[in-house]
>>> print(open('target-v4.cif').read())   # mmCIF, C-alpha atoms
data_structure
#
loop_
_atom_site.label_atom_id
_atom_site.label_comp_id
_atom_site.auth_asym_id
_atom_site.auth_seq_id
_atom_site.Cartn_x
_atom_site.Cartn_y
_atom_site.Cartn_z
CA MET A 1 54.58 -15.51 16.62
CA ARG A 2 51.03 -14.68 15.56
CA VAL A 3 48.02 -16.31 17.26
CA GLY A 4 47.24 -18.22 14.02
CA GLN A 5 50.76 -19.64 13.94
CA LEU A 6 50.46 -20.60 17.61
CA ARG A 7 47.20 -22.39 16.95
CA ASP A 8 48.79 -24.28 14.06
CA SER A 9 51.73 -25.33 16.24
CA ILE A 10 49.45 -26.55 19.05
CA VAL A 11 46.81 -28.31 16.98
CA SER A 12 47.66 -31.42 15.03
CA THR A 13 47.53 -31.11 11.25
CA GLU A 14 47.46 -34.83 10.48
CA ILE A 15 44.58 -36.08 8.34
CA TYR A 16 42.85 -39.20 9.63
CA PRO A 17 40.99 -41.09 6.92
CA SER A 18 37.68 -42.49 8.03
CA SER A 19 35.22 -44.64 6.14
CA PRO A 20 31.48 -44.87 6.78
CA ARG A 21 31.95 -48.54 7.71
CA ARG A 22 34.42 -47.54 10.44
CA ASP A 23 32.02 -44.90 11.79
CA LEU A 24 29.18 -47.44 11.73
CA GLN A 25 31.25 -49.90 13.76
CA GLY A 26 32.13 -47.20 16.28
CA GLY A 27 28.51 -46.10 16.50
CA VAL A 28 27.35 -49.65 17.20
CA VAL A 29 29.96 -50.06 19.95
CA TRP A 30 29.07 -46.73 21.62
CA THR A 31 25.34 -47.46 21.36
CA ALA A 32 25.77 -50.94 22.87
CA LEU A 33 27.97 -49.60 25.68
CA GLY A 34 25.51 -46.80 26.44
CA CYS A 35 22.55 -49.21 26.49
CA LEU A 36 24.45 -51.58 28.80
CA ILE A 37 25.29 -48.75 31.21
CA ALA A 38 21.68 -47.48 31.15
CA VAL A 39 20.23 -50.96 31.80
CA LEU A 40 22.67 -51.73 34.61
CA SER A 41 22.05 -48.37 36.26
CA TRP A 42 18.29 -48.97 36.05
CA GLN A 43 18.81 -52.26 37.90
CA MET A 44 20.74 -50.63 40.75
CA ASP A 45 19.14 -50.45 44.18
CA ARG A 46 17.23 -47.18 44.45
CA MET A 47 17.63 -47.00 48.24
CA VAL A 48 13.89 -46.42 48.68
CA GLN A 49 13.99 -48.25 52.03
CA GLN A 50 16.41 -45.57 53.29
CA GLY A 51 14.06 -42.80 52.16
CA ALA A 52 15.92 -41.82 49.00
CA THR A 53 14.02 -39.87 46.38
CA PRO A 54 14.27 -40.64 42.64
CA HIS A 55 16.67 -37.76 41.99
CA THR A 56 19.09 -39.07 44.63
CA ALA A 57 19.11 -42.71 43.45
CA PRO A 58 22.63 -44.10 42.95
CA GLY A 59 21.99 -45.13 39.34
CA LEU A 60 20.63 -41.79 38.17
CA TRP A 61 23.82 -40.18 36.89
CA PRO A 62 25.24 -43.35 35.28
CA GLY A 63 21.84 -43.86 33.62
CA ILE A 64 21.89 -40.36 32.17
CA VAL A 65 25.45 -40.79 30.90
CA GLY A 66 24.65 -44.24 29.43
CA THR A 67 21.57 -42.88 27.68
CA LEU A 68 23.56 -39.98 26.21
CA LEU A 69 26.29 -42.38 25.02
CA ALA A 70 23.66 -44.54 23.33
CA LEU A 71 22.03 -41.51 21.69
CA LEU A 72 25.35 -40.16 20.40
CA GLY A 73 26.26 -43.63 19.13
CA GLY A 74 22.93 -43.59 17.27
CA VAL A 75 23.81 -40.22 15.76
CA LEU A 76 27.13 -41.68 14.57
CA ILE A 77 25.28 -44.65 13.01
CA VAL A 78 22.86 -42.38 11.15
CA ARG A 79 25.71 -40.13 10.01
CA SER A 80 27.71 -43.09 8.70
CA TRP A 81 24.66 -44.49 6.91
CA ARG A 82 24.05 -41.16 5.13
CA ARG A 83 27.71 -40.84 4.22
CA ALA A 84 27.76 -44.42 2.87
CA GLN A 85 24.85 -43.62 0.57
CA ARG A 86 26.83 -40.69 -0.80
CA VAL A 87 30.36 -42.15 -1.14
CA GLY A 88 30.13 -45.91 -0.49
CA TRP A 89 30.89 -47.99 2.61
CA ASP A 90 34.65 -48.31 2.18
CA THR A 91 35.57 -44.90 0.81
CA ALA A 92 37.84 -43.10 3.22
CA GLU A 93 37.44 -39.35 3.38
CA ALA A 94 39.93 -37.00 4.95
CA ASP A 95 38.91 -36.03 8.46
CA ASP A 96 39.80 -32.36 8.87
CA THR A 97 39.03 -32.30 12.61
CA ASP A 98 41.67 -30.44 14.61
CA TYR A 99 43.05 -33.04 17.00
CA ALA A 100 45.15 -32.05 19.99
CA PRO A 101 48.72 -33.35 19.94
CA MET A 102 49.54 -36.46 21.95
CA SER A 103 51.67 -34.42 24.36
CA SER A 104 48.61 -32.36 25.38
CA PHE A 105 46.61 -35.54 25.87
CA ALA A 106 49.39 -37.02 28.02
CA LEU A 107 49.65 -33.85 30.11
CA ALA A 108 45.89 -33.77 30.65
CA SER A 109 45.94 -37.46 31.67
CA VAL A 110 48.71 -36.86 34.20
CA MET A 111 46.85 -33.87 35.63
CA PHE A 112 43.65 -35.92 35.98
CA LEU A 113 45.55 -38.70 37.74
CA VAL A 114 47.18 -36.24 40.14
CA TYR A 115 43.75 -34.81 40.91
CA ALA A 116 42.09 -38.19 41.40
CA LEU A 117 44.91 -39.94 43.26
CA LEU A 118 46.61 -37.16 45.23
CA LEU A 119 44.34 -34.15 45.65
CA VAL A 120 40.91 -35.64 46.37
CA GLY A 121 40.46 -37.79 49.46
CA ARG A 122 44.00 -37.28 50.78
CA GLY A 123 43.41 -34.59 53.37
CA LEU A 124 42.44 -31.64 51.20
CA PRO A 125 38.77 -30.75 51.22
CA PHE A 126 37.07 -31.62 47.92
CA TRP A 127 36.29 -28.00 47.08
CA LEU A 128 39.92 -26.94 47.53
CA GLY A 129 41.35 -29.84 45.50
CA THR A 130 38.84 -29.16 42.73
CA ALA A 131 39.58 -25.43 42.72
CA LEU A 132 43.33 -26.11 42.51
CA PHE A 133 42.91 -28.68 39.75
CA VAL A 134 40.60 -26.61 37.54
CA THR A 135 42.72 -23.49 38.02
CA ALA A 136 45.91 -25.34 37.08
CA PHE A 137 44.25 -27.12 34.15
CA VAL A 138 42.79 -23.97 32.60
CA PHE A 139 45.99 -21.98 33.19
CA VAL A 140 48.32 -24.63 31.75
CA PHE A 141 46.29 -25.14 28.58
CA GLN A 142 45.79 -21.42 27.95
CA TYR A 143 49.33 -20.35 28.88
CA SER A 144 50.98 -20.42 25.45
CA GLY A 145 48.20 -18.38 23.87
CA ARG A 146 48.18 -15.92 26.74
CA LYS A 147 51.97 -15.56 26.59
CA VAL A 148 51.84 -14.60 22.93
CA THR A 149 49.16 -11.98 23.52
CA GLY A 150 50.77 -10.70 26.74
CA THR A 151 47.78 -11.54 28.91
CA VAL A 152 49.32 -14.13 31.27
CA LEU A 153 48.08 -12.37 34.43
CA ARG A 154 44.59 -12.07 33.00
CA GLY A 155 44.78 -15.75 32.05
CA PHE A 156 45.68 -16.66 35.60
CA LEU A 157 42.77 -14.63 36.95
CA VAL A 158 40.38 -16.28 34.48
CA ALA A 159 41.72 -19.71 35.44
CA LEU A 160 41.34 -18.89 39.14
CA ALA A 161 37.76 -17.72 38.59
CA CYS A 162 36.98 -20.92 36.66
CA GLY A 163 38.48 -23.04 39.44
CA VAL A 164 36.64 -21.30 42.27
CA ILE A 165 33.28 -21.21 40.47
CA THR A 166 33.57 -24.85 39.40
CA ALA A 167 34.47 -25.97 42.94
CA ILE A 168 31.54 -24.06 44.44
CA LEU A 169 28.99 -25.28 41.89
CA VAL A 170 30.10 -28.92 41.95
CA THR A 171 30.13 -28.97 45.75
CA LEU A 172 26.69 -27.37 45.99
CA VAL A 173 25.12 -29.60 43.34
CA PHE A 174 26.42 -32.83 44.82
CA GLU A 175 25.85 -31.99 48.47
CA GLN A 176 22.58 -30.05 48.20
CA LEU A 177 20.86 -31.62 45.19
CA PHE A 178 22.15 -35.21 45.18
CA TYR A 179 22.83 -35.40 48.96
CA VAL A 180 26.29 -36.87 48.31
CA ARG A 181 28.92 -36.14 50.95
CA LEU A 182 32.14 -35.24 49.25
CA PRO A 183 35.55 -36.01 50.76
#
>>> encode(input="target-v4.cif", output="structure tokens")
Amino acid sequence: MRVGQLRDSIVSTEIYPSSPRRDLQGGVVWTALGCLIAVLSWQMDRMVQQGATPHTAPGLWPGIVGTLLALLGGVLIVRSWRRAQRVGWDTAEADDTDYAPMSSFALASVMFLVYALLLVGRGLPFWLGTALFVTAFVFVFQYSGRKVTGTVLRGFLVALACGVITAILVTLVFEQLFYVRLP
């Protein structure tokens, strides 16, 4: 099996029609959700009385994520508006985005749940659980491509490197920059 055939078997080939009106509705929802998250995070206690600095405030990260959600929702609104001017509000165009199959989504969800519910906070140090999770995740989702090209061992080593580097960086950033003790 060639790599192109493998890609075609892994990636969904369904076409999802999408109208500018649908994108506008989604953009409004994402913008509203992002604004709500940003406002609520701004209202969180900043822990100034405990000597916390602005970059260690509990609402900082949710505020950044909420702001990004609102901005991306705004991009979707602008994109839908421009598309509506070109083709009309209710004209559905084929969406040629390569979507992952539902089985890959389900596998990723199960892996995330195992990580969150079983690996972290259950005796394993955070860095070890994170290294195991990232290594397994990268290896599992690259395995079929690596098998075809005969580079499974190299794939495992790349996955292991990704897991170890991610665990080190996440641990350092949270513990040294944000002063968050990890389990």
>>> residues_around(input="target-v4.cif", residues="range 162-172 of chain A", least_positions_apart="6", cutoff="6 Å", atoms="all atoms listed in the file", output="ChimeraX atom specification")
/A:127,130-131,134-135
>>> write_last_selection(input="target-v4.cif", atoms="C-alpha atoms", output="mmCIF file, in the coordinates of the input")
data_model
loop_
_atom_site.group_PDB
_atom_site.id
_atom_site.type_symbol
_atom_site.label_atom_id
_atom_site.label_comp_id
_atom_site.auth_asym_id
_atom_site.auth_seq_id
_atom_site.Cartn_x
_atom_site.Cartn_y
_atom_site.Cartn_z
ATOM 1 C CA TRP A 127 36.290 -28.000 47.080
ATOM 2 C CA THR A 130 38.840 -29.160 42.730
ATOM 3 C CA ALA A 131 39.580 -25.430 42.720
ATOM 4 C CA VAL A 134 40.600 -26.610 37.540
ATOM 5 C CA THR A 135 42.720 -23.490 38.020
#
>>> atom_distance(input="target-v4.cif", atom1="CA of Thr149 in chain A", atom2="CA of Phe112 in chain A")
27.5 Å
>>> residues_around(input="target-v4.cif", residues="Arg79 in chain A", least_positions_apart="4", cutoff="9 Å", atoms="all atoms listed in the file", output="MDAnalysis selection string")
chainID A and resid 20 23:24 74:75 83:84
>>> atom_distance(input="target-v4.cif", atom1="CA of Phe178 in chain A", atom2="CA of Val158 in chain A")
28.4 Å
>>> atom_distance(input="target-v4.cif", atom1="CA of Pro62 in chain A", atom2="CA of Val180 in chain A")
14.6 Å
>>> resolve_selection(input="target-v4.cif", expression="the PyMOL selection byres ((chain A and resi 71) around 12)", output="ChimeraX atom specification")
/A:27-35,38,64-70,72-78
>>> write_last_selection(input="target-v4.cif", atoms="C-alpha atoms", output="JSON list (two decimals), in the frame of the given file")
[["chain", "number", "residue", "atom", "x", "y", "z"],
["A", 27, "GLY", "CA", 28.51, -46.10, 16.50],
["A", 28, "VAL", "CA", 27.35, -49.65, 17.20],
["A", 29, "VAL", "CA", 29.96, -50.06, 19.95],
["A", 30, "TRP", "CA", 29.07, -46.73, 21.62],
["A", 31, "THR", "CA", 25.34, -47.46, 21.36],
["A", 32, "ALA", "CA", 25.77, -50.94, 22.87],
["A", 33, "LEU", "CA", 27.97, -49.60, 25.68],
["A", 34, "GLY", "CA", 25.51, -46.80, 26.44],
["A", 35, "CYS", "CA", 22.55, -49.21, 26.49],
["A", 38, "ALA", "CA", 21.68, -47.48, 31.15],
["A", 64, "ILE", "CA", 21.89, -40.36, 32.17],
["A", 65, "VAL", "CA", 25.45, -40.79, 30.90],
["A", 66, "GLY", "CA", 24.65, -44.24, 29.43],
["A", 67, "THR", "CA", 21.57, -42.88, 27.68],
["A", 68, "LEU", "CA", 23.56, -39.98, 26.21],
["A", 69, "LEU", "CA", 26.29, -42.38, 25.02],
["A", 70, "ALA", "CA", 23.66, -44.54, 23.33],
["A", 72, "LEU", "CA", 25.35, -40.16, 20.40],
["A", 73, "GLY", "CA", 26.26, -43.63, 19.13],
["A", 74, "GLY", "CA", 22.93, -43.59, 17.27],
["A", 75, "VAL", "CA", 23.81, -40.22, 15.76],
["A", 76, "LEU", "CA", 27.13, -41.68, 14.57],
["A", 77, "ILE", "CA", 25.28, -44.65, 13.01],
["A", 78, "VAL", "CA", 22.86, -42.38, 11.15]]
>>> axis_aligned_box(input="target-v4.cif", around="range 171-183 of chain A", padding_each_side="3 Å", output="AutoDock Vina command-line options")
--center_x 28.2 --center_y -32.1 --center_z 47.1 --size_x 20.7 --size_y 15.5 --size_z 13.6
>>> residues_near_point(input="target-v4.cif", point="(51.8, -17.2, 25.8)", cutoff="10 Å", atoms="all atoms listed in the file", output="list in words")
Met1, Val3, Leu6, Gln142, Tyr143, Ser144, Gly145, Arg146, Lys147, Val148, Thr149, Gly150, Thr151, Val152 and Gly155 of chain A
>>> closest_residue(input="target-v4.cif", among="A:Trp89, A:Phe141, A:Trp42, A:Trp81", to="Leu107 in chain A", atoms="all atoms listed in the file")
A:Phe141
>>> closest_residue(input="target-v4.cif", among="A:Val173, A:Met111, A:Gln85, A:Ser103", to="Ser19 in chain A", atoms="all atoms listed in the file")
A:Gln85
>>> closest_residue(input="target-v4.cif", among="A:Val120, A:Leu132, A:Leu182, A:Met47", to="Ala161 in chain A", atoms="all atoms listed in the file")
A:Leu132
>>> closest_residue(input="target-v4.cif", among="A:Gly26, A:Phe174, A:Gly63, A:Pro58", to="Phe126 in chain A", atoms="all atoms listed in the file")
A:Phe174
>>> closest_residue(input="target-v4.cif", among="A:Phe105, A:Phe133, A:Arg22, A:Asp90", to="Leu118 in chain A", atoms="only C-alpha atoms")
A:Phe133
>>> build_atoms(input="target-v4.cif", residues="range 15-38 of chain A", atoms="N, CA and C atoms", output="PDB file, keeping the file's coordinate frame")
ATOM      1  N   ILE A  15      45.892 -35.736   8.881  1.00  0.00           N
ATOM      2  CA  ILE A  15      44.580 -36.080   8.340  1.00  0.00           C
ATOM      3  C   ILE A  15      44.339 -37.554   8.649  1.00  0.00           C
ATOM      4  N   TYR A  16      43.207 -37.846   9.267  1.00  0.00           N
ATOM      5  CA  TYR A  16      42.850 -39.200   9.630  1.00  0.00           C
ATOM      6  C   TYR A  16      41.737 -39.680   8.701  1.00  0.00           C
ATOM      7  N   PRO A  17      42.041 -40.606   7.806  1.00  0.00           N
ATOM      8  CA  PRO A  17      40.990 -41.090   6.920  1.00  0.00           C
ATOM      9  C   PRO A  17      39.977 -41.923   7.700  1.00  0.00           C
ATOM     10  N   SER A  18      38.731 -41.762   7.350  1.00  0.00           N
ATOM     11  CA  SER A  18      37.680 -42.490   8.030  1.00  0.00           C
ATOM     12  C   SER A  18      36.629 -42.899   7.014  1.00  0.00           C
ATOM     13  N   SER A  19      36.244 -44.159   7.063  1.00  0.00           N
ATOM     14  CA  SER A  19      35.220 -44.640   6.140  1.00  0.00           C
ATOM     15  C   SER A  19      33.888 -44.731   6.875  1.00  0.00           C
ATOM     16  N   PRO A  20      32.782 -44.701   6.137  1.00  0.00           N
ATOM     17  CA  PRO A  20      31.480 -44.870   6.780  1.00  0.00           C
ATOM     18  C   PRO A  20      31.360 -46.196   7.536  1.00  0.00           C
ATOM     19  N   ARG A  21      31.997 -47.245   7.018  1.00  0.00           N
ATOM     20  CA  ARG A  21      31.950 -48.540   7.710  1.00  0.00           C
ATOM     21  C   ARG A  21      32.596 -48.438   9.092  1.00  0.00           C
ATOM     22  N   ARG A  22      33.710 -47.723   9.169  1.00  0.00           N
ATOM     23  CA  ARG A  22      34.420 -47.540  10.440  1.00  0.00           C
ATOM     24  C   ARG A  22      33.550 -46.749  11.437  1.00  0.00           C
ATOM     25  N   ASP A  23      32.915 -45.691  10.933  1.00  0.00           N
ATOM     26  CA  ASP A  23      32.020 -44.900  11.790  1.00  0.00           C
ATOM     27  C   ASP A  23      30.820 -45.726  12.243  1.00  0.00           C
ATOM     28  N   LEU A  24      30.301 -46.573  11.364  1.00  0.00           N
ATOM     29  CA  LEU A  24      29.180 -47.440  11.730  1.00  0.00           C
ATOM     30  C   LEU A  24      29.591 -48.393  12.852  1.00  0.00           C
ATOM     31  N   GLN A  25      30.765 -48.988  12.722  1.00  0.00           N
ATOM     32  CA  GLN A  25      31.250 -49.900  13.760  1.00  0.00           C
ATOM     33  C   GLN A  25      31.410 -49.175  15.089  1.00  0.00           C
ATOM     34  N   GLY A  26      31.998 -47.981  15.053  1.00  0.00           N
ATOM     35  CA  GLY A  26      32.130 -47.200  16.280  1.00  0.00           C
ATOM     36  C   GLY A  26      30.789 -46.834  16.868  1.00  0.00           C
ATOM     37  N   GLY A  27      29.840 -46.450  16.022  1.00  0.00           N
ATOM     38  CA  GLY A  27      28.510 -46.100  16.500  1.00  0.00           C
ATOM     39  C   GLY A  27      27.812 -47.268  17.174  1.00  0.00           C
ATOM     40  N   VAL A  28      27.965 -48.452  16.605  1.00  0.00           N
ATOM     41  CA  VAL A  28      27.350 -49.650  17.200  1.00  0.00           C
ATOM     42  C   VAL A  28      27.969 -49.929  18.569  1.00  0.00           C
ATOM     43  N   VAL A  29      29.286 -49.810  18.663  1.00  0.00           N
ATOM     44  CA  VAL A  29      29.960 -50.060  19.950  1.00  0.00           C
ATOM     45  C   VAL A  29      29.500 -49.050  21.002  1.00  0.00           C
ATOM     46  N   TRP A  30      29.481 -47.754  20.654  1.00  0.00           N
ATOM     47  CA  TRP A  30      29.070 -46.730  21.620  1.00  0.00           C
ATOM     48  C   TRP A  30      27.599 -46.894  22.016  1.00  0.00           C
ATOM     49  N   THR A  31      26.750 -47.251  21.053  1.00  0.00           N
ATOM     50  CA  THR A  31      25.340 -47.460  21.360  1.00  0.00           C
ATOM     51  C   THR A  31      25.169 -48.654  22.298  1.00  0.00           C
ATOM     52  N   ALA A  32      25.866 -49.747  22.012  1.00  0.00           N
ATOM     53  CA  ALA A  32      25.770 -50.940  22.870  1.00  0.00           C
ATOM     54  C   ALA A  32      26.285 -50.644  24.277  1.00  0.00           C
ATOM     55  N   LEU A  33      27.414 -49.949  24.373  1.00  0.00           N
ATOM     56  CA  LEU A  33      27.970 -49.600  25.680  1.00  0.00           C
ATOM     57  C   LEU A  33      27.006 -48.700  26.456  1.00  0.00           C
ATOM     58  N   GLY A  34      26.460 -47.702  25.791  1.00  0.00           N
ATOM     59  CA  GLY A  34      25.510 -46.800  26.440  1.00  0.00           C
ATOM     60  C   GLY A  34      24.268 -47.526  26.921  1.00  0.00           C
ATOM     61  N   CYS A  35      23.738 -48.432  26.089  1.00  0.00           N
ATOM     62  CA  CYS A  35      22.550 -49.210  26.490  1.00  0.00           C
ATOM     63  C   CYS A  35      22.875 -50.106  27.689  1.00  0.00           C
ATOM     64  N   LEU A  36      24.048 -50.733  27.675  1.00  0.00           N
ATOM     65  CA  LEU A  36      24.450 -51.580  28.800  1.00  0.00           C
ATOM     66  C   LEU A  36      24.540 -50.776  30.094  1.00  0.00           C
ATOM     67  N   ILE A  37      25.161 -49.613  30.027  1.00  0.00           N
ATOM     68  CA  ILE A  37      25.290 -48.750  31.210  1.00  0.00           C
ATOM     69  C   ILE A  37      23.906 -48.318  31.692  1.00  0.00           C
ATOM     70  N   ALA A  38      23.029 -47.931  30.769  1.00  0.00           N
ATOM     71  CA  ALA A  38      21.680 -47.480  31.150  1.00  0.00           C
ATOM     72  C   ALA A  38      20.887 -48.616  31.801  1.00  0.00           C
TER      73      ALA A  38
END
